[in-house]
file structure.txt (compact mmCIF, C-alpha atoms and all ligand atoms)
# COMPACT_ATOMS: atom_id res chain seq x y z
CA MET A 116 -43.55 -26.83 -35.87
CA TRP A 117 -41.05 -27.25 -33.10
CA LYS A 118 -38.26 -26.99 -35.62
CA GLU A 119 -39.52 -23.65 -36.91
CA THR A 120 -39.76 -22.31 -33.39
CA ASN A 121 -36.35 -23.67 -32.67
CA LYS A 122 -34.84 -21.81 -35.61
CA LYS A 123 -36.59 -18.55 -34.93
CA TYR A 124 -36.42 -18.26 -31.17
CA SER A 125 -34.99 -20.90 -28.96
CA VAL A 126 -34.87 -24.57 -28.39
CA PHE A 127 -38.31 -25.33 -27.00
CA PHE A 128 -41.69 -23.66 -26.87
CA THR A 129 -41.85 -22.78 -23.23
CA ILE A 130 -39.68 -20.08 -21.87
CA PHE A 131 -39.34 -18.62 -18.48
CA CYS A 132 -37.92 -15.46 -17.16
CA TYR A 133 -35.07 -15.63 -14.75
CA THR A 134 -34.66 -12.40 -12.84
CA PRO A 135 -31.03 -11.42 -12.70
CA PRO A 136 -29.25 -9.70 -9.80
CA LEU A 137 -30.54 -6.32 -8.70
CA PHE A 138 -27.71 -4.42 -10.31
CA GLN A 139 -29.16 -5.33 -13.71
CA PRO A 140 -32.76 -4.41 -12.98
CA PHE A 141 -34.04 -4.28 -16.53
CA GLU A 142 -32.43 -7.31 -18.01
CA VAL A 143 -34.24 -10.58 -18.27
CA ILE A 144 -32.52 -13.79 -19.28
CA ILE A 145 -34.60 -16.28 -21.12
CA LEU A 146 -33.29 -19.74 -20.44
CA GLU A 147 -34.78 -23.16 -20.75
CA ILE A 148 -33.86 -25.83 -18.24
CA TYR A 149 -33.59 -29.49 -19.18
CA LEU A 150 -32.82 -32.72 -17.45
CA ALA A 151 -29.45 -33.90 -18.82
CA PRO A 152 -29.03 -37.44 -20.16
CA LEU A 153 -27.73 -39.68 -17.35
CA ALA A 154 -27.07 -43.36 -18.04
CA GLU A 155 -29.20 -45.68 -15.91
CA ILE A 156 -30.93 -42.71 -14.30
CA THR A 157 -33.01 -40.63 -16.72
CA SER A 158 -35.62 -43.32 -17.25
CA LYS A 159 -39.17 -42.30 -18.04
CA GLU A 160 -40.13 -42.53 -14.36
CA PHE A 161 -37.42 -40.12 -13.30
CA ARG A 162 -38.21 -37.85 -16.26
CA LEU A 163 -41.87 -37.65 -15.22
CA LEU A 164 -40.83 -36.50 -11.75
CA CYS A 165 -38.54 -33.89 -13.28
CA TYR A 166 -41.36 -32.57 -15.44
CA GLU A 167 -43.40 -32.23 -12.27
CA GLY A 168 -40.40 -30.48 -10.77
CA GLY A 169 -40.40 -27.89 -13.55
CA ALA A 170 -38.14 -29.26 -16.30
CA ASP A 171 -38.82 -27.76 -19.74
CA GLY A 172 -37.59 -30.90 -21.46
CA CYS A 173 -35.75 -34.11 -20.69
CA PHE A 174 -33.12 -36.19 -22.42
CA SER A 175 -33.21 -39.97 -22.27
CA GLU A 176 -30.16 -41.86 -21.18
CA MET A 177 -27.86 -42.80 -24.02
CA ILE A 178 -29.17 -45.66 -26.14
CA SER A 179 -26.72 -47.96 -27.90
CA ALA A 180 -27.46 -47.82 -31.64
CA LYS A 181 -25.67 -51.12 -32.13
CA ALA A 182 -27.78 -52.88 -29.48
CA VAL A 183 -30.97 -51.54 -31.06
CA THR A 184 -29.97 -52.99 -34.43
CA LEU A 185 -29.30 -56.31 -32.68
CA ARG A 186 -32.88 -56.10 -31.31
CA ASN A 187 -31.75 -56.07 -27.69
CA LYS A 188 -35.06 -55.79 -25.81
CA LYS A 189 -33.67 -54.02 -22.75
CA THR A 190 -31.97 -51.38 -24.90
CA ILE A 191 -35.07 -50.87 -27.03
CA SER A 192 -37.13 -50.40 -23.87
CA LEU A 193 -34.96 -47.38 -23.01
CA SER A 194 -36.60 -45.57 -25.91
CA GLU A 195 -40.09 -45.80 -24.36
CA ILE A 196 -41.66 -42.44 -23.74
CA ASP A 197 -44.71 -42.07 -21.50
CA GLU A 198 -47.62 -40.42 -23.27
CA SER A 199 -47.71 -37.71 -20.62
CA GLU A 200 -44.11 -36.70 -21.23
CA PRO A 201 -44.34 -33.37 -23.03
CA ARG A 202 -40.90 -33.01 -24.52
CA THR A 203 -38.43 -35.85 -24.36
CA VAL A 204 -35.43 -36.16 -26.64
CA LEU A 205 -33.92 -39.60 -27.26
CA GLN A 206 -30.14 -39.80 -27.25
CA PHE A 207 -28.21 -42.36 -29.28
CA PHE A 208 -24.57 -43.34 -29.17
CA GLY A 209 -22.64 -45.14 -31.85
CA GLY A 210 -19.66 -44.74 -34.12
CA GLU A 211 -21.01 -45.97 -37.43
CA PRO A 212 -23.35 -43.65 -39.35
CA ASP A 213 -25.29 -46.53 -40.93
CA VAL A 214 -25.79 -48.28 -37.61
CA ILE A 215 -27.12 -45.10 -36.01
CA ARG A 216 -29.39 -44.57 -39.02
CA GLU A 217 -30.80 -48.09 -38.80
CA ALA A 218 -31.32 -47.76 -35.04
CA ALA A 219 -33.06 -44.39 -35.38
CA GLU A 220 -35.34 -45.73 -38.11
CA LYS A 221 -36.28 -48.73 -35.96
CA ILE A 222 -37.03 -46.61 -32.92
CA LEU A 223 -38.93 -43.95 -34.85
CA GLU A 224 -41.31 -46.65 -36.08
CA ARG A 225 -42.32 -47.11 -32.43
CA VAL A 226 -42.15 -43.65 -30.84
CA THR A 227 -42.08 -39.98 -31.79
CA PRO A 228 -39.68 -38.21 -29.47
CA ALA A 229 -39.35 -34.42 -29.29
CA GLY A 230 -35.98 -34.79 -30.95
CA ILE A 231 -32.96 -36.98 -31.56
CA ASP A 232 -29.63 -36.27 -29.90
CA ILE A 233 -26.21 -37.70 -30.76
CA ASN A 234 -23.84 -38.45 -27.90
CA ALA A 235 -20.40 -37.05 -28.70
CA GLY A 236 -19.33 -36.68 -25.09
CA CYS A 237 -19.34 -39.99 -23.25
CA PRO A 238 -15.83 -40.53 -21.82
CA VAL A 239 -16.28 -44.20 -20.83
CA ARG A 240 -13.55 -46.44 -22.23
CA LYS A 241 -15.84 -49.07 -23.73
CA VAL A 242 -17.84 -46.42 -25.59
CA VAL A 243 -14.72 -44.63 -26.81
CA ALA A 244 -13.26 -47.95 -28.00
CA ALA A 245 -16.33 -48.33 -30.24
CA LYS A 246 -15.45 -44.93 -31.82
CA ALA A 247 -18.53 -43.48 -30.17
CA GLY A 248 -19.22 -40.84 -27.50
CA SER A 249 -16.30 -38.49 -26.96
CA ALA A 250 -14.23 -40.44 -29.54
CA LEU A 251 -16.27 -38.47 -32.09
CA MET A 252 -14.58 -35.30 -30.81
CA ASP A 253 -11.35 -36.86 -32.03
CA ASP A 254 -12.86 -37.61 -35.42
CA PRO A 255 -14.99 -34.58 -36.37
CA GLU A 256 -15.56 -35.80 -39.92
CA ARG A 257 -17.16 -38.97 -38.62
CA LEU A 258 -19.34 -36.84 -36.35
CA GLY A 259 -20.35 -34.79 -39.39
CA ARG A 260 -21.25 -37.95 -41.32
CA ILE A 261 -23.40 -39.20 -38.47
CA VAL A 262 -25.29 -35.89 -38.29
CA LYS A 263 -25.75 -35.85 -42.06
CA THR A 264 -26.99 -39.45 -42.13
CA LEU A 265 -29.53 -38.81 -39.39
CA ARG A 266 -30.62 -35.57 -41.03
CA GLY A 267 -31.49 -37.69 -44.04
CA VAL A 268 -33.91 -39.90 -42.09
CA THR A 269 -35.80 -37.48 -39.86
CA ASN A 270 -37.28 -34.01 -39.80
CA LEU A 271 -37.43 -34.10 -36.03
CA PRO A 272 -35.18 -31.62 -34.22
CA LEU A 273 -31.66 -33.00 -34.33
CA SER A 274 -28.96 -32.12 -31.83
CA VAL A 275 -25.46 -33.11 -30.79
CA LYS A 276 -24.00 -33.15 -27.27
CA ILE A 277 -20.30 -32.43 -27.36
CA ARG A 278 -17.47 -31.78 -24.93
CA LYS A 279 -14.74 -29.18 -25.03
CA GLY A 280 -12.52 -31.71 -26.78
CA PHE A 281 -10.92 -35.11 -26.39
CA LYS A 282 -7.41 -34.34 -25.11
CA THR A 283 -7.26 -30.76 -26.37
CA PRO A 284 -10.03 -28.27 -27.12
CA ASN A 285 -11.57 -28.60 -30.61
CA TYR A 286 -15.20 -27.82 -29.85
CA GLU A 287 -15.43 -25.18 -32.56
CA ARG A 288 -14.43 -27.66 -35.25
CA CYS A 289 -16.90 -30.26 -33.96
CA ALA A 290 -19.69 -27.70 -33.62
CA ALA A 291 -19.06 -26.60 -37.22
CA GLU A 292 -19.51 -30.21 -38.38
CA ALA A 293 -22.80 -30.38 -36.50
CA VAL A 294 -24.06 -27.10 -37.98
CA ASP A 295 -22.88 -27.77 -41.55
CA ASN A 296 -24.56 -31.16 -41.59
CA GLY A 297 -27.92 -29.97 -40.38
CA ALA A 298 -28.08 -30.06 -36.55
CA ASP A 299 -30.80 -27.81 -35.13
CA PHE A 300 -29.16 -27.17 -31.78
CA LEU A 301 -26.14 -28.22 -29.78
CA THR A 302 -25.27 -28.95 -26.15
CA ILE A 303 -21.79 -28.57 -24.74
CA HIS A 304 -20.37 -29.99 -21.53
CA PRO A 305 -17.24 -27.83 -21.45
CA ARG A 306 -14.77 -30.37 -20.09
CA LEU A 307 -12.22 -32.47 -21.95
CA ARG A 308 -12.72 -36.21 -22.22
CA THR A 309 -9.68 -36.60 -19.97
CA ASP A 310 -11.50 -34.57 -17.28
CA MET A 311 -14.32 -37.18 -17.17
CA PHE A 312 -17.16 -35.61 -15.12
CA THR A 313 -15.49 -33.73 -12.31
CA ALA A 314 -11.82 -33.06 -13.02
CA GLY A 315 -10.66 -29.83 -14.59
CA SER A 316 -12.82 -26.78 -14.71
CA CYS A 317 -16.26 -26.79 -16.25
CA ASP A 318 -15.48 -23.83 -18.46
CA PHE A 319 -18.67 -21.75 -18.68
CA ASP A 320 -16.87 -19.22 -20.90
CA VAL A 321 -16.43 -21.90 -23.57
CA SER A 322 -20.21 -22.44 -23.73
CA ILE A 323 -20.86 -18.70 -23.78
CA GLU A 324 -18.31 -18.10 -26.54
CA LEU A 325 -19.70 -20.93 -28.65
CA ALA A 326 -23.24 -19.60 -28.29
CA GLU A 327 -22.00 -16.22 -29.58
CA LYS A 328 -20.51 -17.82 -32.68
CA LEU A 329 -23.04 -20.46 -33.72
CA PRO A 330 -26.13 -19.79 -35.84
CA ILE A 331 -28.08 -22.44 -33.84
CA PRO A 332 -29.11 -22.46 -30.14
CA VAL A 333 -26.50 -23.68 -27.66
CA ILE A 334 -27.30 -25.36 -24.35
CA HIS A 335 -24.75 -25.46 -21.53
CA SER A 336 -24.35 -28.66 -19.49
CA GLY A 337 -22.25 -28.87 -16.34
CA ASP A 338 -22.16 -27.80 -12.69
CA ILE A 339 -25.58 -26.14 -12.55
CA ARG A 340 -26.90 -26.62 -9.03
CA GLU A 341 -28.23 -23.32 -7.70
CA LYS A 342 -30.06 -20.30 -9.11
CA SER A 343 -26.89 -18.21 -8.73
CA ASP A 344 -25.12 -20.58 -11.16
CA LEU A 345 -27.30 -19.06 -13.89
CA ASP A 346 -25.91 -15.54 -13.31
CA ARG A 347 -23.01 -16.25 -15.63
CA PHE A 348 -25.41 -16.47 -18.56
CA SER A 349 -26.79 -12.98 -18.06
CA GLY A 350 -26.53 -11.07 -21.32
CA THR A 351 -25.23 -14.07 -23.29
CA LYS A 352 -26.73 -16.06 -26.14
CA ILE A 353 -26.95 -19.33 -24.20
CA ALA A 354 -30.43 -20.69 -24.97
CA GLY A 355 -30.71 -23.15 -22.12
CA VAL A 356 -28.97 -25.23 -19.52
CA MET A 357 -29.07 -28.87 -18.56
CA VAL A 358 -29.06 -30.16 -15.01
CA GLY A 359 -27.62 -33.62 -14.43
CA ARG A 360 -26.22 -34.52 -11.03
CA GLY A 361 -27.96 -31.49 -9.54
CA ALA A 362 -31.30 -33.23 -10.12
CA LEU A 363 -30.34 -36.39 -8.22
CA GLY A 364 -32.40 -36.42 -5.05
CA ARG A 365 -33.80 -33.07 -6.18
CA PRO A 366 -36.15 -33.59 -9.14
CA TRP A 367 -37.77 -30.28 -8.10
CA VAL A 368 -34.50 -28.38 -8.74
CA PHE A 369 -35.89 -27.01 -12.01
CA ARG A 370 -38.61 -25.09 -10.19
CA GLU A 371 -36.05 -23.74 -7.72
CA LEU A 372 -33.73 -22.64 -10.52
CA LYS A 373 -36.66 -20.72 -11.96
CA GLY A 374 -37.04 -18.84 -8.70
CA GLY A 375 -39.89 -20.94 -7.31
CA THR A 376 -40.05 -22.58 -3.93
CA VAL A 377 -40.92 -26.16 -3.16
CA THR A 378 -42.37 -26.91 0.26
CA ASP A 379 -41.26 -29.89 2.36
CA ASP A 380 -44.71 -31.41 1.89
CA GLU A 381 -44.40 -31.14 -1.90
CA LYS A 382 -40.97 -32.73 -1.74
CA LYS A 383 -42.32 -35.60 0.34
CA GLU A 384 -45.17 -36.07 -2.12
CA ILE A 385 -42.80 -36.31 -5.10
CA MET A 386 -40.47 -38.65 -3.21
CA THR A 387 -43.35 -40.89 -2.13
CA LYS A 388 -44.61 -41.18 -5.70
CA HIS A 389 -41.09 -42.04 -6.85
CA PHE A 390 -40.57 -44.83 -4.31
CA ARG A 391 -44.08 -46.24 -4.78
CA TYR A 392 -43.46 -46.58 -8.46
CA TYR A 393 -40.46 -48.82 -7.81
CA ILE A 394 -42.23 -50.75 -5.05
CA ASP A 395 -45.07 -51.60 -7.46
CA LEU A 396 -42.59 -52.58 -10.16
CA ASP A 397 -40.87 -55.00 -7.78
CA THR A 398 -37.99 -55.99 -10.07
CA LYS A 399 -34.31 -56.38 -9.24
CA THR A 400 -33.57 -53.08 -10.99
CA ALA A 401 -36.42 -51.40 -9.10
CA ARG A 402 -34.96 -52.57 -5.78
CA THR A 403 -31.55 -51.17 -6.74
CA MET A 404 -33.17 -47.89 -7.76
CA ILE A 405 -34.97 -47.57 -4.40
CA ARG A 406 -31.59 -47.75 -2.65
CA ARG A 407 -29.82 -45.40 -5.05
CA HIS A 408 -32.52 -42.72 -5.07
CA ALA A 409 -33.01 -42.96 -1.30
CA SER A 410 -29.32 -42.30 -0.92
CA TRP A 411 -29.50 -39.21 -3.17
CA TYR A 412 -32.62 -37.90 -1.42
CA SER A 413 -30.82 -38.17 1.92
CA THR A 414 -28.08 -35.70 0.93
CA GLY A 415 -27.87 -32.90 3.44
CA PHE A 416 -30.02 -34.66 6.05
CA ARG A 417 -28.58 -35.23 9.51
CA GLY A 418 -27.66 -38.90 9.90
CA SER A 419 -27.46 -39.51 6.16
CA ALA A 420 -24.16 -41.43 6.41
CA ASP A 421 -25.71 -44.03 8.78
CA PHE A 422 -28.84 -44.11 6.67
CA ARG A 423 -26.82 -44.92 3.54
CA ARG A 424 -24.83 -47.58 5.29
CA PHE A 425 -28.08 -49.25 6.33
CA ILE A 426 -29.81 -49.16 2.95
CA PHE A 427 -26.79 -50.44 1.02
CA ASP A 428 -26.07 -53.21 3.52
CA PRO A 429 -26.97 -56.43 1.66
CA ALA A 430 -28.08 -57.92 4.97
CA ASN A 431 -31.06 -55.54 4.99
CA ASP A 432 -33.85 -56.61 2.66
CA ILE A 433 -36.24 -54.28 0.86
CA PRO A 434 -39.01 -54.32 3.54
CA GLN A 435 -36.37 -53.24 6.07
CA VAL A 436 -35.06 -50.59 3.69
CA ILE A 437 -38.57 -49.24 3.16
CA ARG A 438 -39.20 -49.13 6.89
CA ILE A 439 -36.06 -47.04 7.43
CA ILE A 440 -36.95 -44.79 4.46
CA ASN A 441 -40.35 -44.11 6.06
CA GLU A 442 -38.75 -43.23 9.37
CA PHE A 443 -35.93 -41.17 7.90
CA PHE A 444 -38.02 -39.01 5.55
CA GLU A 445 -41.24 -39.15 7.61
CA ILE A 446 -43.26 -40.51 4.73
CA GLU A 447 -45.58 -43.50 4.35
CA LEU A 448 -44.82 -46.01 1.64
C1 LIG A 501 -23.82 -40.98 -13.93
C2 LIG A 501 -23.74 -40.15 -15.19
C3 LIG A 501 -24.28 -40.64 -16.36
C4 LIG A 501 -24.21 -39.86 -17.54
N1 LIG A 501 -24.77 -40.35 -18.68
C5 LIG A 501 -24.76 -39.58 -19.80
C6 LIG A 501 -25.41 -40.04 -21.00
O1 LIG A 501 -26.02 -41.12 -21.04
N2 LIG A 501 -25.34 -39.23 -22.10
C7 LIG A 501 -24.69 -38.01 -22.07
O2 LIG A 501 -24.65 -37.30 -23.09
N3 LIG A 501 -24.09 -37.56 -20.95
C8 LIG A 501 -24.13 -38.29 -19.83
N4 LIG A 501 -23.57 -37.81 -18.68
C9 LIG A 501 -23.05 -36.43 -18.67
C10 LIG A 501 -24.18 -35.46 -18.19
O3 LIG A 501 -25.24 -35.42 -19.11
C11 LIG A 501 -23.64 -34.03 -17.97
O4 LIG A 501 -23.19 -33.50 -19.19
C12 LIG A 501 -22.51 -33.99 -16.94
O5 LIG A 501 -22.81 -34.80 -15.81
C13 LIG A 501 -22.28 -32.57 -16.44
O6 LIG A 501 -23.46 -32.02 -15.94
P1 LIG A 501 -23.85 -31.95 -14.35
O7 LIG A 501 -22.73 -31.23 -13.67
O8 LIG A 501 -25.14 -31.18 -14.38
O9 LIG A 501 -24.00 -33.36 -13.88
C14 LIG A 501 -23.59 -38.58 -17.53
C15 LIG A 501 -23.04 -38.11 -16.32
C16 LIG A 501 -23.12 -38.86 -15.17
C17 LIG A 501 -22.54 -38.30 -13.89
call {"tool": "encode", "arguments": {"input": "structure.txt", "output": "structure tokens"}}
result
Amino acid sequence: MWKETNKKYSVFFTIFCYTPPLFQPFEVIILEIYLAPLAEITSKEFRLLCYEGGADGCFSEMISAKAVTLRNKKTISLSEIDESEPRTVLQFFGGEPDVIREAAEKILERVTPAGIDINAGCPVRKVVAAKAGSALMDDPERLGRIVKTLRGVTNLPLSVKIRKGFKTPNYERCAAEAVDNGADFLTIHPRLRTDMFTAGSCDFDVSIELAEKLPIPVIHSGDIREKSDLDRFSGTKIAGVMVGRGALGRPWVFRELKGGTVTDDEKKEIMTKHFRYYIDLDTKTARTMIRRHASWYSTGFRGSADFRRFIFDPANDIPQVIRIINEFFEIEL
């Protein structure tokens, strides 16, 4: 059903209207806003907060296909989707079509995500060395084979997340491989692999141009922080945007991008729920996450530099960190 909708209209069911600047009074842009895949961050807990904060869909962090086939429990746990998550896509990375196929089959026996996404953008050396992530931009035929293989094992919506290129732009060639082999939609982070996440320009025009040319919906990923960042997509065929770093410490950013407001009390409520989840979990990872998310939430607050120094100081244990979080944000954990 989703696939039909995807082909006819846009990527997901829900749409929202973003009101453009006054000088275009009659135009309405229909965009969907997703949480981008972020390694070690877009866990189901964080995704649930982002849904509460207005996200139309969320992408899991990248899941190693190889590790799934080796039955690595921690990796397999990354594919868990909470039953209240309305629309979560699982993202896989890998360089071998058969390994990705086997991993997808294994995971799909356990969960039914809203879609499967192939990572063709990760710039990290270890991933690239395994011919995966952005290395696929350098080997478009391999990318095409991976899409084709996955298309053969699932009718779920299938997508690919690409970059502008590896060392030089070749996004059109890679996008063509995705389309020709059966992808239903595509996301582009318009930077080269050599730009990593921040260098170079995040070239919005590349996303816009690609959306004009492709017969499938295109989502833009990169440097979306404020409502005004969406103005560039006015009158274009971009179907949606992803928010990655802009959602760190701001899981309510989706609502704001849609023109809504979030009160300080609502923010405190979301934050409290987030921290309490990790406190109840009480694992080593949970303790690390409390510190990391507290640091992101503190952005823009007066005294945030001292606050961060305190929470990351190994001499301060978690009860001390929680005490300072309560004082700093005026919440009760
Ligand atoms: C810490 C971090 C982890 C990321 N992990 C992934 C990932 O697992 N899969 C992926 O496709 N992209 C990943 N990305 C790229 C983001 O999804 C996104 O394309 C990029 O950060 C640009 O968007 P932004 O400016 O909204 O953050 C990651 C980026 C960052 C900063």
call {"tool": "atom_distance", "arguments": {"input": "structure.txt", "atom1": "atom CA of A:Ser199", "atom2": "atom CA of A:Phe390"}}
result
19.2 Å
call {"tool": "closest_residue", "arguments": {"input": "structure.txt", "among": "A:Arg186, A:Arg340, A:Lys241, A:Arg288", "to": "ligand LIG 501 (chain A)", "atoms": "all atoms listed in the file"}}
result
A:Arg340
call {"tool": "closest_residue", "arguments": {"input": "structure.txt", "among": "A:Gly297, A:Gly248, A:Gly350, A:Gly169", "to": "ligand LIG 501 (chain A)", "atoms": "only C-alpha atoms and all ligand atoms"}}
result
A:Gly248
call {"tool": "residues_near_ligand", "arguments": {"input": "structure.txt", "ligand": "ligand LIG 501 (chain A)", "cutoff": "8 Å", "atoms": "all atoms listed in the file", "output": "tab-separated table (two decimals) with C-alpha atoms, in the coordinates of the input"}}
result
chain	number	residue	atom	x	y	z
A	151	ALA	CA	-29.45	-33.90	-18.82
A	152	PRO	CA	-29.03	-37.44	-20.16
A	153	LEU	CA	-27.73	-39.68	-17.35
A	154	ALA	CA	-27.07	-43.36	-18.04
A	155	GLU	CA	-29.20	-45.68	-15.91
A	156	ILE	CA	-30.93	-42.71	-14.30
A	175	SER	CA	-33.21	-39.97	-22.27
A	176	GLU	CA	-30.16	-41.86	-21.18
A	177	MET	CA	-27.86	-42.80	-24.02
A	178	ILE	CA	-29.17	-45.66	-26.14
A	206	GLN	CA	-30.14	-39.80	-27.25
A	233	ILE	CA	-26.21	-37.70	-30.76
A	234	ASN	CA	-23.84	-38.45	-27.90
A	235	ALA	CA	-20.40	-37.05	-28.70
A	236	GLY	CA	-19.33	-36.68	-25.09
A	237	CYS	CA	-19.34	-39.99	-23.25
A	248	GLY	CA	-19.22	-40.84	-27.50
A	276	LYS	CA	-24.00	-33.15	-27.27
A	277	ILE	CA	-20.30	-32.43	-27.36
A	303	ILE	CA	-21.79	-28.57	-24.74
A	304	HIS	CA	-20.37	-29.99	-21.53
A	312	PHE	CA	-17.16	-35.61	-15.12
A	313	THR	CA	-15.49	-33.73	-12.31
A	336	SER	CA	-24.35	-28.66	-19.49
A	337	GLY	CA	-22.25	-28.87	-16.34
A	338	ASP	CA	-22.16	-27.80	-12.69
A	339	ILE	CA	-25.58	-26.14	-12.55
A	340	ARG	CA	-26.90	-26.62	-9.03
A	357	MET	CA	-29.07	-28.87	-18.56
A	358	VAL	CA	-29.06	-30.16	-15.01
A	359	GLY	CA	-27.62	-33.62	-14.43
A	360	ARG	CA	-26.22	-34.52	-11.03
A	361	GLY	CA	-27.96	-31.49	-9.54
A	362	ALA	CA	-31.30	-33.23	-10.12
call {"tool": "closest_residue", "arguments": {"input": "structure.txt", "among": "A:Lys399, A:Lys328, A:Arg225, A:Arg406", "to": "A:Glu287", "atoms": "only C-alpha atoms"}}
result
A:Lys328
call {"tool": "axis_aligned_box", "arguments": {"input": "structure.txt", "around": "stretch 177-184 of chain A", "padding_each_side": "6 Å", "output": "AutoDock Vina command-line options"}}
result
--center_x -28.3 --center_y -47.9 --center_z -29.2 --size_x 17.3 --size_y 22.2 --size_z 22.4
call {"tool": "closest_residue", "arguments": {"input": "structure.txt", "among": "A:Ile385, A:Leu265, A:Tyr393, A:Thr309", "to": "A:Arg240", "atoms": "all atoms listed in the file"}}
result
A:Thr309
call {"tool": "atom_distance", "arguments": {"input": "structure.txt", "atom1": "atom CA of A:Ile231", "atom2": "atom CA of A:Ile148"}}
result
17.4 Å
call {"tool": "atom_distance", "arguments": {"input": "structure.txt", "atom1": "atom CA of A:Thr283", "atom2": "atom CA of A:Ala314"}}
result
14.3 Å
call {"tool": "closest_residue", "arguments": {"input": "structure.txt", "among": "A:Ser249, A:Thr400, A:Ser419, A:Ser349", "to": "A:Asn285", "atoms": "all atoms listed in the file"}}
result
A:Ser249
call {"tool": "closest_residue", "arguments": {"input": "structure.txt", "among": "A:Gly230, A:Pro366, A:Gly172, A:Gly418", "to": "A:Ala298", "atoms": "all atoms listed in the file"}}
result
A:Gly230
call {"tool": "residues_near_point", "arguments": {"input": "structure.txt", "point": "(-43.6, -36.7, -31.4)", "cutoff": "9 Å", "atoms": "all atoms listed in the file", "output": "PDB file with C-alpha atoms, in the frame of the given file"}}
result
ATOM      1  CA  ARG A 202     -40.900 -33.010 -24.520  1.00  0.00           C
ATOM      2  CA  THR A 203     -38.430 -35.850 -24.360  1.00  0.00           C
ATOM      3  CA  VAL A 226     -42.150 -43.650 -30.840  1.00  0.00           C
ATOM      4  CA  THR A 227     -42.080 -39.980 -31.790  1.00  0.00           C
ATOM      5  CA  PRO A 228     -39.680 -38.210 -29.470  1.00  0.00           C
ATOM      6  CA  ALA A 229     -39.350 -34.420 -29.290  1.00  0.00           C
ATOM      7  CA  GLY A 230     -35.980 -34.790 -30.950  1.00  0.00           C
ATOM      8  CA  LEU A 271     -37.430 -34.100 -36.030  1.00  0.00           C
TER       9      LEU A 271
END
call {"tool": "build_atoms", "arguments": {"input": "structure.txt", "residues": "stretch 375-388 of chain A", "atoms": "N, CA and C atoms", "output": "CSV table (one decimal), in the frame of the given file"}}
result
chain,number,residue,atom,x,y,z
A,375,GLY,N,-38.8,-20.5,-8.1
A,375,GLY,CA,-39.9,-20.9,-7.3
A,375,GLY,C,-39.4,-21.6,-6.0
A,376,THR,N,-40.4,-21.8,-5.1
A,376,THR,CA,-40.0,-22.6,-3.9
A,376,THR,C,-40.8,-23.9,-3.9
A,377,VAL,N,-40.3,-24.9,-3.3
A,377,VAL,CA,-40.9,-26.2,-3.2
A,377,VAL,C,-41.0,-26.5,-1.7
A,378,THR,N,-42.2,-26.7,-1.2
A,378,THR,CA,-42.4,-26.9,0.3
A,378,THR,C,-41.9,-28.3,0.6
A,379,ASP,N,-41.7,-28.5,1.9
A,379,ASP,CA,-41.3,-29.9,2.4
A,379,ASP,C,-42.4,-30.9,2.0
A,380,ASP,N,-43.6,-30.5,2.2
A,380,ASP,CA,-44.7,-31.4,1.9
A,380,ASP,C,-44.7,-31.8,0.4
A,381,GLU,N,-44.5,-30.8,-0.5
A,381,GLU,CA,-44.4,-31.1,-1.9
A,381,GLU,C,-43.2,-32.1,-2.2
A,382,LYS,N,-42.1,-31.9,-1.5
A,382,LYS,CA,-41.0,-32.7,-1.7
A,382,LYS,C,-41.3,-34.2,-1.3
A,383,LYS,N,-42.0,-34.3,-0.2
A,383,LYS,CA,-42.3,-35.6,0.3
A,383,LYS,C,-43.3,-36.3,-0.6
A,384,GLU,N,-44.2,-35.5,-1.2
A,384,GLU,CA,-45.2,-36.1,-2.1
A,384,GLU,C,-44.5,-36.6,-3.4
A,385,ILE,N,-43.5,-35.9,-3.9
A,385,ILE,CA,-42.8,-36.3,-5.1
A,385,ILE,C,-42.0,-37.6,-4.8
A,386,MET,N,-41.3,-37.5,-3.6
A,386,MET,CA,-40.5,-38.6,-3.2
A,386,MET,C,-41.3,-39.9,-3.0
A,387,THR,N,-42.5,-39.7,-2.4
A,387,THR,CA,-43.4,-40.9,-2.1
A,387,THR,C,-43.8,-41.5,-3.4
A,388,LYS,N,-44.2,-40.7,-4.4
A,388,LYS,CA,-44.6,-41.2,-5.7
A,388,LYS,C,-43.5,-42.0,-6.4
